[in-house]
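File shown: input-v1.cif. Contents: mmCIF, C-alpha atoms.
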```
data_protein
loop_
_atom_site.label_atom_id
_atom_site.label_comp_id
_atom_site.auth_asym_id
_atom_site.auth_seq_id
_atom_site.Cartn_x
_atom_site.Cartn_y
_atom_site.Cartn_z
CA TYR U 15 8.96 -9.02 4.76
CA PRO U 16 12.23 -10.48 5.99
CA MET U 17 14.76 -11.62 3.43
CA GLN U 18 17.82 -13.73 3.95
CA VAL U 19 20.85 -12.50 2.01
CA LYS U 20 24.38 -13.80 2.49
CA ALA U 21 26.84 -10.91 2.32
CA GLU U 22 29.96 -11.08 0.16
CA GLU U 23 33.23 -9.62 1.51
CA ASN U 24 32.79 -6.18 -0.02
CA VAL U 25 29.02 -6.12 -0.34
CA LYS U 26 26.61 -5.40 2.41
CA ALA U 27 23.01 -6.27 1.78
CA LYS U 28 20.17 -5.84 4.11
CA SER U 29 16.45 -6.27 4.00
CA MET U 30 14.50 -3.30 5.13
CA LYS U 31 11.03 -3.23 6.48
CA THR U 32 9.14 -0.26 5.20
CA LYS U 33 7.31 1.62 7.90
CA ASP U 34 3.63 1.81 8.07
CA ILE U 35 1.38 4.04 6.06
CA LEU U 36 -1.68 5.33 7.73
CA ILE U 37 -4.88 6.20 5.93
CA SER U 38 -8.24 7.26 7.23
CA ALA U 39 -11.40 7.88 5.31
CA ILE U 40 -14.57 9.68 6.28
CA CYS U 41 -17.56 8.26 4.53
CA THR U 42 -20.93 9.86 5.13
CA ALA U 43 -23.41 8.12 2.91
CA ILE U 44 -26.35 5.79 2.93
CA THR U 45 -29.66 5.11 1.32
CA ILE U 46 -31.84 2.03 1.20
CA LEU U 47 -31.43 0.18 -2.08
CA SER U 48 -33.98 -2.49 -1.23
CA ALA U 49 -36.11 -3.44 1.74
CA SER U 50 -34.06 -6.61 2.19
CA CYS U 51 -30.98 -4.61 3.26
CA SER U 52 -32.24 -2.51 6.14
CA SER U 53 -35.08 -0.44 7.44
CA ASP U 54 -32.80 2.31 8.82
CA GLU U 55 -33.42 5.93 7.86
CA THR U 56 -32.07 6.97 4.47
CA ILE U 57 -29.29 9.57 4.47
CA ASN U 58 -28.55 11.49 1.25
CA ASN U 59 -27.10 14.69 -0.18
CA GLY U 60 -30.42 16.43 -0.66
CA ASP U 61 -30.29 15.46 -4.34
CA ASP U 62 -31.77 11.98 -3.89
CA LEU U 63 -28.28 10.41 -4.02
CA PRO U 64 -26.51 8.66 -1.14
CA LYS U 65 -23.59 10.69 0.15
CA ALA U 66 -20.24 9.97 -1.49
CA ALA U 67 -17.26 8.75 0.49
CA ILE U 68 -14.72 11.41 1.44
CA ILE U 69 -11.26 9.84 1.60
CA THR U 70 -8.23 11.46 3.20
CA ALA U 71 -4.84 10.00 4.05
CA SER U 72 -1.56 10.82 5.73
CA LEU U 73 1.81 9.08 5.70
CA PRO U 74 4.16 8.74 8.68
CA GLN U 75 7.86 9.55 8.48
CA SER U 76 9.64 6.66 6.77
CA SER U 77 13.10 5.88 5.55
CA VAL U 78 13.74 7.88 2.41
CA THR U 79 14.53 6.03 -0.81
CA ARG U 80 15.08 7.46 -4.26
CA ALA U 81 12.00 5.64 -5.49
CA THR U 82 9.26 6.36 -2.96
CA GLY U 83 10.64 8.63 -0.25
CA ASP U 84 8.18 9.46 2.51
CA SER U 85 5.41 11.17 0.57
CA TRP U 86 2.32 10.46 -1.51
CA THR U 87 4.04 11.92 -4.59
CA PRO U 88 4.90 8.54 -6.22
CA TYR U 89 1.30 7.37 -5.84
CA THR U 90 -0.92 9.29 -8.25
CA THR U 91 -3.87 6.91 -7.91
CA ILE U 92 -5.29 4.37 -5.46
CA GLY U 93 -7.92 1.66 -5.77
CA VAL U 94 -10.61 1.27 -3.09
CA ARG U 95 -12.96 -1.72 -2.84
CA VAL U 96 -15.81 -2.92 -0.67
CA ASN U 97 -15.00 -6.46 0.45
CA SER U 98 -18.28 -7.58 1.97
CA GLU U 99 -21.96 -7.13 1.32
CA CYS U 100 -24.39 -6.05 4.01
CA ARG U 101 -26.70 -9.04 3.65
CA THR U 102 -27.53 -11.70 1.09
CA GLY U 103 -28.79 -10.02 -2.05
CA CYS U 104 -27.13 -6.65 -1.47
CA THR U 105 -24.69 -5.30 -4.03
CA MET U 106 -22.15 -2.93 -2.40
CA ALA U 107 -19.23 -5.32 -2.98
CA SER U 108 -20.09 -6.06 -6.59
CA ASN U 109 -20.69 -2.38 -7.41
CA TYR U 110 -17.49 -1.14 -5.78
CA ASN U 111 -14.90 -3.86 -6.32
CA ASN U 112 -12.12 -1.56 -7.62
CA VAL U 113 -12.84 2.17 -7.64
CA GLU U 114 -10.09 4.51 -8.84
CA TYR U 115 -9.29 7.63 -6.82
CA ASN U 116 -6.76 10.32 -7.72
CA VAL U 117 -4.23 11.33 -5.06
CA ASN U 118 -3.95 15.05 -4.37
CA PRO U 119 -0.99 15.71 -2.03
CA SER U 120 -1.57 18.68 0.26
CA GLU U 121 0.25 21.84 -0.83
CA GLY U 122 3.47 22.21 1.15
CA ASP U 123 2.92 18.88 2.95
CA ASP U 124 2.93 15.89 0.65
CA LYS U 125 2.60 13.42 3.54
CA ASN U 126 -1.10 14.34 3.58
CA ALA U 127 -3.51 14.00 0.71
CA THR U 128 -7.11 14.12 -0.37
CA PHE U 129 -8.65 11.78 -2.91
CA ALA U 130 -11.00 12.57 -5.77
CA PRO U 131 -12.78 9.80 -7.67
CA GLU U 132 -11.73 9.36 -11.29
CA GLY U 133 -15.35 8.56 -12.15
CA ASP U 134 -18.33 7.84 -9.90
CA PRO U 135 -17.43 7.77 -6.18
CA ILE U 136 -18.19 5.04 -3.69
CA ARG U 137 -21.60 5.66 -2.13
CA PHE U 138 -23.27 3.87 0.76
CA ILE U 139 -26.17 2.60 -1.31
CA GLU U 140 -27.04 0.03 1.37
CA GLU U 141 -27.35 -0.08 5.11
CA GLY U 142 -25.28 -2.39 7.29
CA GLU U 143 -21.59 -2.72 8.10
CA HIS U 144 -19.11 -3.15 5.28
CA SER U 145 -15.44 -4.10 5.12
CA PHE U 146 -13.05 -2.04 2.96
CA SER U 147 -9.59 -2.45 1.45
CA ALA U 148 -7.36 -0.23 -0.63
CA TYR U 149 -4.12 -0.41 -2.58
CA ALA U 150 -1.83 1.76 -4.69
CA PRO U 151 -0.94 2.43 -7.42
CA TYR U 152 -4.27 1.73 -9.14
CA SER U 153 -4.70 -0.95 -11.79
CA SER U 154 -7.80 -1.95 -13.73
CA ASN U 155 -6.85 -5.62 -13.22
CA SER U 156 -7.69 -7.58 -10.08
CA SER U 157 -4.52 -9.65 -10.52
CA ILE U 158 -1.42 -7.60 -11.32
CA THR U 159 1.52 -9.20 -13.11
CA LEU U 160 4.87 -8.52 -11.43
CA ASN U 161 8.21 -8.40 -13.23
CA THR U 162 10.91 -7.05 -10.95
CA ILE U 163 13.67 -7.38 -13.56
CA ASP U 164 12.13 -4.69 -15.72
CA GLY U 165 10.62 -2.96 -12.68
CA ASN U 166 14.01 -2.30 -11.08
CA LYS U 167 15.71 -0.84 -14.16
CA THR U 168 14.93 2.82 -13.37
CA ILE U 169 13.62 4.98 -10.53
CA ALA U 170 10.38 5.62 -12.45
CA LYS U 171 9.78 1.89 -12.93
CA GLN U 172 10.44 1.20 -9.25
CA LYS U 173 7.75 3.70 -8.32
CA ALA U 174 5.31 1.78 -10.49
CA ILE U 175 5.92 -1.60 -8.78
CA ASP U 176 6.14 -0.46 -5.14
CA TYR U 177 2.58 -1.55 -4.30
CA ILE U 178 0.97 -0.86 -0.93
CA TYR U 179 -2.13 -2.53 0.50
CA ALA U 180 -4.50 -2.11 3.45
CA THR U 181 -7.56 -4.05 4.58
CA GLY U 182 -9.86 -4.71 7.53
CA ALA U 183 -11.43 -1.27 7.93
CA GLU U 184 -15.16 -1.42 8.59
CA ALA U 185 -17.87 1.21 8.33
CA SER U 186 -21.63 1.60 8.18
CA SER U 187 -24.13 4.41 7.75
CA MET U 188 -24.26 4.81 11.53
CA GLN U 189 -20.45 4.78 11.84
CA PRO U 190 -19.26 5.92 8.40
CA THR U 191 -15.54 6.49 9.08
CA VAL U 192 -13.32 4.10 7.14
CA SER U 193 -9.95 4.07 8.90
CA PHE U 194 -6.93 2.22 7.52
CA THR U 195 -4.90 2.53 10.73
CA GLY U 196 -3.55 0.23 13.43
CA ASP U 197 -4.16 -3.38 12.45
CA ASN U 198 -5.74 -2.13 9.21
CA GLN U 199 -2.85 0.07 8.09
CA PHE U 200 -1.11 0.17 4.72
CA ASN U 201 1.96 -2.01 4.13
CA HIS U 202 4.29 -2.50 1.20
CA VAL U 203 3.67 -5.80 -0.57
CA LEU U 204 7.20 -6.23 -1.96
CA SER U 205 10.44 -6.66 -0.07
CA LYS U 206 13.05 -3.93 -0.34
CA LEU U 207 16.69 -4.96 -0.49
CA ASN U 208 19.31 -2.27 0.14
CA ILE U 209 22.84 -3.01 -1.06
CA THR U 210 26.01 -1.04 -0.32
CA ILE U 211 29.30 -1.70 -2.08
CA LYS U 212 32.29 -0.04 -0.42
CA VAL U 213 36.07 -0.06 -0.38
CA GLY U 214 37.88 -2.92 1.27
CA GLU U 215 41.09 -4.91 1.07
CA GLY U 216 42.17 -5.08 -2.57
CA PHE U 217 39.16 -3.01 -3.66
CA ASN U 218 39.58 0.78 -3.69
CA ALA U 219 37.46 3.83 -4.56
CA ALA U 220 38.70 3.82 -8.15
CA ASP U 221 37.50 0.23 -8.56
CA ILE U 222 34.03 1.21 -7.35
CA ASN U 223 33.91 4.27 -9.58
CA ASN U 224 34.73 2.03 -12.56
CA ILE U 225 31.82 -0.37 -11.98
CA SER U 226 29.67 -0.34 -15.12
CA SER U 227 27.13 -3.02 -14.22
CA ILE U 228 26.07 -5.32 -11.41
CA THR U 229 24.41 -8.72 -11.76
CA LEU U 230 22.43 -10.49 -9.04
CA LYS U 231 21.80 -14.18 -9.64
CA GLY U 232 19.22 -16.72 -8.57
CA LEU U 233 16.27 -14.51 -7.60
CA LYS U 234 12.55 -14.94 -8.33
CA HIS U 235 11.39 -11.96 -10.34
CA ASN U 236 8.00 -12.96 -11.75
CA GLY U 237 4.70 -13.32 -9.94
CA THR U 238 1.31 -11.73 -9.26
CA PHE U 239 -0.24 -9.30 -6.78
CA ASP U 240 -3.91 -9.98 -5.99
CA ILE U 241 -5.69 -6.73 -5.08
CA THR U 242 -8.64 -8.62 -3.58
CA THR U 243 -6.53 -10.32 -0.89
CA GLY U 244 -3.27 -8.34 -0.88
CA SER U 245 -1.31 -11.55 -1.44
CA VAL U 246 1.79 -11.86 -3.62
CA THR U 247 2.77 -15.14 -5.25
CA SER U 248 5.98 -15.86 -7.13
CA ASN U 249 6.79 -18.20 -9.95
CA ALA U 250 9.25 -20.99 -9.15
CA THR U 251 11.73 -19.98 -11.85
CA THR U 252 14.78 -17.97 -10.82
CA SER U 253 16.71 -15.66 -13.12
CA ASP U 254 19.47 -13.06 -13.12
CA ILE U 255 19.13 -9.29 -13.13
CA THR U 256 21.82 -7.00 -14.57
CA LEU U 257 21.78 -3.29 -13.78
CA ASN U 258 23.89 -0.73 -15.64
CA THR U 259 25.28 2.22 -13.72
CA SER U 260 25.31 4.41 -16.84
CA ASP U 261 21.62 4.03 -17.73
CA ALA U 262 19.42 7.12 -17.58
CA ASP U 263 17.34 7.38 -14.37
CA ASN U 264 19.31 4.45 -12.94
CA ILE U 265 18.82 3.32 -9.33
CA PHE U 266 22.45 3.81 -8.22
CA THR U 267 23.83 6.42 -5.84
CA MET U 268 27.59 6.90 -6.17
CA ASP U 269 29.71 8.70 -3.56
CA ALA U 270 33.08 9.13 -5.27
CA SER U 271 34.75 10.73 -2.26
CA SER U 272 34.14 7.76 0.04
CA GLY U 273 34.12 5.15 -2.69
CA THR U 274 30.59 3.91 -1.95
CA LEU U 275 27.96 2.64 -4.35
CA LYS U 276 24.40 2.16 -3.06
CA PHE U 277 21.20 0.87 -4.62
CA SER U 278 17.88 -0.70 -3.64
CA LEU U 279 15.80 -3.43 -5.26
CA TYR U 280 12.09 -4.19 -4.90
CA LEU U 281 11.63 -7.96 -4.91
CA ILE U 282 8.87 -10.52 -4.53
CA PRO U 283 9.11 -11.85 -0.93
CA GLN U 284 11.35 -14.93 -0.97
CA ASP U 285 14.16 -16.73 0.78
CA CYS U 286 17.42 -16.24 -1.06
CA SER U 287 21.18 -16.24 -0.71
CA SER U 288 24.08 -14.89 -2.70
#
```
Could I get this file's structure written as structure tokens?
Amino acid sequence: YPMQVKAEENVKAKSMKTKDILISAICTAITILSASCSSDETINNGDDLPKAAIITASLPQSSVTRATGDSWTPYTTIGVRVNSECRTGCTMASNYNNVEYNVNPSEGDDKNATFAPEGDPIRFIEEGEHSFSAYAPYSSNSSITLNTIDGNKTIAKQKAIDYIYATGAEASSMQPTVSFTGDNQFNHVLSKLNITIKVGEGFNAADINNISSITLKGLKHNGTFDITTGSVTSNATTSDITLNTSDADNIFTMDASSGTLKFSLYLIPQDCSS
């Protein structure tokens, strides 16, 4: 999401587009729940249950940040949902509208992961083609409240608000692979603003090293993230955010030798200036 930020003399701010996250899922499952859905042959596990979805994912190389980096490590859970029903009267979408899966990064390669359901897995209980979406990190709520003032206070809190979302993947019992790639790939739902403060005329390394807090004014920090559509809406009210460089787990990176202070903020997409 592009952001418009007017740079001060000694502050450089830039908006950064996060690169894409690719996810693919192999789902081999189907049984006929009712005659109204399909007359195709039932496929099951040999235990009279439709086969469960097998979900795997990999992440591409992305720009490293202290919060999310380029790995699955910050995302311990994802939510997967079926967006559409096969035909009128079928219940895939209502049964699987927000299913929690645990992320298991591959040993020695945390760009790849497997996913294990927290409870019952998604099963193809009906024939026909279905549309899927997914997001992370998981929430039990379909509408997630966003507060980027509190969410930007520490690295741990930034991890919790850096939501990603993917939609548009389709699969059926005849073609059971659910692939969140290409046009259906994962994207970050918040904007990321990188700010660098460095030495300049009348402002030396000692001045930067003595900075105890930074305040950004006039930004929209409150809103909602809808997991059913992937949309983010902001409240109209603007407010200030003050960040302390001495706080534990703070978001600042200080380079005393070059006199540079860097930090990143996750913000609700908006037009703004400073």
Please evaluate the PyMOL selection byres ((chain U and resi 183) around 7) against the structure above and give the resulting residues as a list in words.
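Answer for the PyMOL selection byres ((chain U and resi 183) around 7): Ser145, Phe146, Ser147, Thr181, Gly182, Glu184, Ala185, Val192, Ser193, Phe194 and Asn198 of chain U.
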Students should find that CA of Thr274 in chain U and CA of Lys167 in chain U are spaced 19.8 Å
Which one is closest to Tyr110 in chain U: U:Asn236, U:Asn223, U:Thr229, U:Ser98? Count all atoms listed in the file.
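Nearest to Tyr110 in chain U: U:Ser98.
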Return the single residue from U:Leu63, U:Val213, U:Leu233, U:Ile163 that is closest to Glu140 in chain U, with distances computed using only C-alpha atoms.
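Answer, going by the shortest atom-to-atom distance: U:Leu63.
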Among U:Val117, U:Leu279, U:Ile92, U:Ile225, Ala180 in chain U is approached most closely, using all atoms listed in the file, by U:Ile92
(Q) Need to verify the contact set: Leu160 in chain U, 8 Å, only C-alpha atoms, exclusion of same-chain residues closer than 5 positions in sequence. Can you return it as a list in words? (A)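 Residues meeting the cut-off are Ile175, His235, Asn236, Gly237, Thr238 and Phe239 of chain U.
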Please produce a file of the residues just selected, as a tab-separated table (two decimals), in the frame of the given file, where the atoms kept are C-alpha atoms.
```tsv
chain	number	residue	atom	x	y	z
U	175	ILE	CA	5.92	-1.60	-8.78
U	235	HIS	CA	11.39	-11.96	-10.34
U	236	ASN	CA	8.00	-12.96	-11.75
U	237	GLY	CA	4.70	-13.32	-9.94
U	238	THR	CA	1.31	-11.73	-9.26
U	239	PHE	CA	-0.24	-9.30	-6.78
```
Name every residue that the PyMOL selection byres ((chain U and resi 168) around 8) selects in this structure, writing the answer as number ranges by chain with chains first and numbers rising. U: 165-167, 169-172, 262-265
Handout entry: the PyMOL selection byres ((chain U and resi 135) around 8) applied to the shown file, residues as an MDAnalysis selection string
Key = chainID U and resid 66:67 113 131:134 136:137
In Å, with one decimal, what is the gap from CA of Leu275 in chain U to CA of Asp261 in chain U?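 Rounded to one decimal, the two atoms are 14.9 Å apart.
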Using all atoms listed in the file for the distances, tell me which of U:Asn118, U:Ser226, U:Ser205, U:Ser260 is nearest to Asp285 in chain U.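 For Asp285 in chain U, the nearest of the candidates is U:Ser205.
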Min atom-atom distance to Ser245 in chain U from the set U:His202, U:Lys65, U:Arg95, U:Lys212, counting all atoms listed in the file, belongs to U:His202
Exercise. Find the residues near Asp254 in chain U: any atom within 6 Å, counting only C-alpha atoms, skip ones fewer than 6 places away on the same chain, and give them as a list of chain:residue names.
Key: U:Leu230, U:Lys231, U:Gly232
Can you sort out the box for range 158-164 of chain U, edges along x, y and z, all listed atoms in, 3 Å on every side, with centre and edge lengths in Å to one decimal, as lines of an AutoDock Vina configuration file?
```
center_x = 6.1
center_y = -6.9
center_z = -13.3
size_x = 21.1
size_y = 10.5
size_z = 10.8
```
Q: Provide the CA of Asn224 in chain U to CA of Ser278 in chain U distance in Å, to one decimal place.
A: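 For CA of Asn224 in chain U relative to CA of Ser278 in chain U, the distance reads 19.3 Å.
For the point (-19.5, -4.4, -5.6), the residues with at least one atom inside 9 Å, counting all atoms listed in the file, are U:Arg95, U:Val96, U:Asn97, U:Ser98, U:Glu99, U:Cys104, U:Thr105, U:Met106, U:Ala107, U:Ser108, U:Asn109, U:Tyr110, U:Asn111, U:Asn112.
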Could you write those residues out with C-alpha atoms, as a compact mmCIF listing (two decimals), keeping the file's coordinate frame?
```
# COMPACT_ATOMS: atom_id res chain seq x y z
CA ARG U 95 -12.96 -1.72 -2.84
CA VAL U 96 -15.81 -2.92 -0.67
CA ASN U 97 -15.00 -6.46 0.45
CA SER U 98 -18.28 -7.58 1.97
CA GLU U 99 -21.96 -7.13 1.32
CA CYS U 104 -27.13 -6.65 -1.47
CA THR U 105 -24.69 -5.30 -4.03
CA MET U 106 -22.15 -2.93 -2.40
CA ALA U 107 -19.23 -5.32 -2.98
CA SER U 108 -20.09 -6.06 -6.59
CA ASN U 109 -20.69 -2.38 -7.41
CA TYR U 110 -17.49 -1.14 -5.78
CA ASN U 111 -14.90 -3.86 -6.32
CA ASN U 112 -12.12 -1.56 -7.62
```
All residues 8 Å or closer to Lys276 in chain U, only C-alpha atoms, same chain fewer than 3 positions away omitted, as number ranges by chain: U: 208-211, 266-268
Restricting to only C-alpha atoms, whichever of U:Ala270, U:Ala150, U:Ile139, U:Val203 is closest to Val246 in chain U is U:Val203
Could you rebuild range 136-160 of chain U with N, CA, C and O atoms and give me the result as a compact mmCIF listing (two decimals), in the frame of the given file?
```txt
# COMPACT_ATOMS: atom_id res chain seq x y z
N ILE U 136 -17.52 6.07 -4.51
CA ILE U 136 -18.19 5.04 -3.69
C ILE U 136 -19.28 5.72 -2.88
O ILE U 136 -19.06 6.76 -2.25
N ARG U 137 -20.47 5.16 -2.91
CA ARG U 137 -21.60 5.66 -2.13
C ARG U 137 -22.16 4.53 -1.28
O ARG U 137 -22.20 3.38 -1.71
N PHE U 138 -22.62 4.87 -0.08
CA PHE U 138 -23.27 3.87 0.76
C PHE U 138 -24.69 3.67 0.27
O PHE U 138 -25.64 4.25 0.79
N ILE U 139 -24.85 2.83 -0.72
CA ILE U 139 -26.17 2.60 -1.31
C ILE U 139 -26.97 1.59 -0.50
O ILE U 139 -28.13 1.34 -0.83
N GLU U 140 -26.36 1.01 0.53
CA GLU U 140 -27.04 0.03 1.37
C GLU U 140 -26.68 0.25 2.83
O GLU U 140 -25.60 0.75 3.15
N GLU U 141 -27.59 -0.12 3.68
CA GLU U 141 -27.35 -0.08 5.11
C GLU U 141 -26.50 -1.28 5.53
O GLU U 141 -26.25 -2.19 4.75
N GLY U 142 -26.07 -1.29 6.77
CA GLY U 142 -25.28 -2.39 7.29
C GLY U 142 -23.80 -2.07 7.31
O GLY U 142 -23.36 -1.07 6.74
N GLU U 143 -23.03 -2.92 7.98
CA GLU U 143 -21.59 -2.72 8.10
C GLU U 143 -20.87 -3.37 6.93
O GLU U 143 -21.19 -4.48 6.52
N HIS U 144 -19.86 -2.67 6.42
CA HIS U 144 -19.11 -3.15 5.28
C HIS U 144 -17.62 -3.12 5.58
O HIS U 144 -17.14 -2.26 6.32
N SER U 145 -16.89 -4.04 4.98
CA SER U 145 -15.44 -4.10 5.12
C SER U 145 -14.79 -3.52 3.86
O SER U 145 -15.24 -3.78 2.74
N PHE U 146 -13.70 -2.73 4.06
CA PHE U 146 -13.05 -2.04 2.96
C PHE U 146 -11.58 -2.43 2.87
O PHE U 146 -10.95 -2.77 3.86
N SER U 147 -11.04 -2.34 1.66
CA SER U 147 -9.59 -2.45 1.45
C SER U 147 -9.18 -1.44 0.40
O SER U 147 -10.01 -0.88 -0.32
N ALA U 148 -7.89 -1.19 0.33
CA ALA U 148 -7.36 -0.23 -0.63
C ALA U 148 -5.94 -0.61 -1.00
O ALA U 148 -5.26 -1.32 -0.26
N TYR U 149 -5.48 -0.12 -2.13
CA TYR U 149 -4.12 -0.41 -2.58
C TYR U 149 -3.67 0.72 -3.50
O TYR U 149 -4.47 1.55 -3.98
N ALA U 150 -2.40 0.78 -3.76
CA ALA U 150 -1.83 1.76 -4.69
C ALA U 150 -0.52 1.21 -5.26
O ALA U 150 0.16 0.45 -4.59
N PRO U 151 -0.16 1.63 -6.48
CA PRO U 151 -0.94 2.43 -7.42
C PRO U 151 -2.07 1.63 -8.07
O PRO U 151 -2.03 0.40 -8.12
N TYR U 152 -3.07 2.35 -8.59
CA TYR U 152 -4.27 1.73 -9.14
C TYR U 152 -3.98 0.92 -10.40
O TYR U 152 -3.12 1.28 -11.21
N SER U 153 -4.72 -0.16 -10.56
CA SER U 153 -4.70 -0.95 -11.79
C SER U 153 -6.13 -1.38 -12.09
O SER U 153 -6.93 -1.61 -11.17
N SER U 154 -6.46 -1.49 -13.35
CA SER U 154 -7.80 -1.95 -13.73
C SER U 154 -7.94 -3.47 -13.59
O SER U 154 -9.06 -4.00 -13.69
N ASN U 155 -6.84 -4.16 -13.34
CA ASN U 155 -6.85 -5.62 -13.22
C ASN U 155 -6.90 -6.03 -11.74
O ASN U 155 -6.25 -5.41 -10.90
N SER U 156 -7.63 -7.08 -11.45
CA SER U 156 -7.69 -7.58 -10.08
C SER U 156 -6.46 -8.39 -9.71
O SER U 156 -6.11 -8.53 -8.54
N SER U 157 -5.77 -8.93 -10.72
CA SER U 157 -4.52 -9.65 -10.52
C SER U 157 -3.45 -8.96 -11.35
O SER U 157 -3.54 -8.89 -12.58
N ILE U 158 -2.44 -8.41 -10.67
CA ILE U 158 -1.42 -7.60 -11.32
C ILE U 158 -0.16 -8.44 -11.55
O ILE U 158 0.36 -9.06 -10.62
N THR U 159 0.30 -8.47 -12.77
CA THR U 159 1.52 -9.20 -13.11
C THR U 159 2.74 -8.43 -12.65
O THR U 159 2.88 -7.24 -12.91
N LEU U 160 3.64 -9.12 -11.95
CA LEU U 160 4.87 -8.52 -11.43
C LEU U 160 6.07 -9.00 -12.22
O LEU U 160 6.20 -10.20 -12.49
```
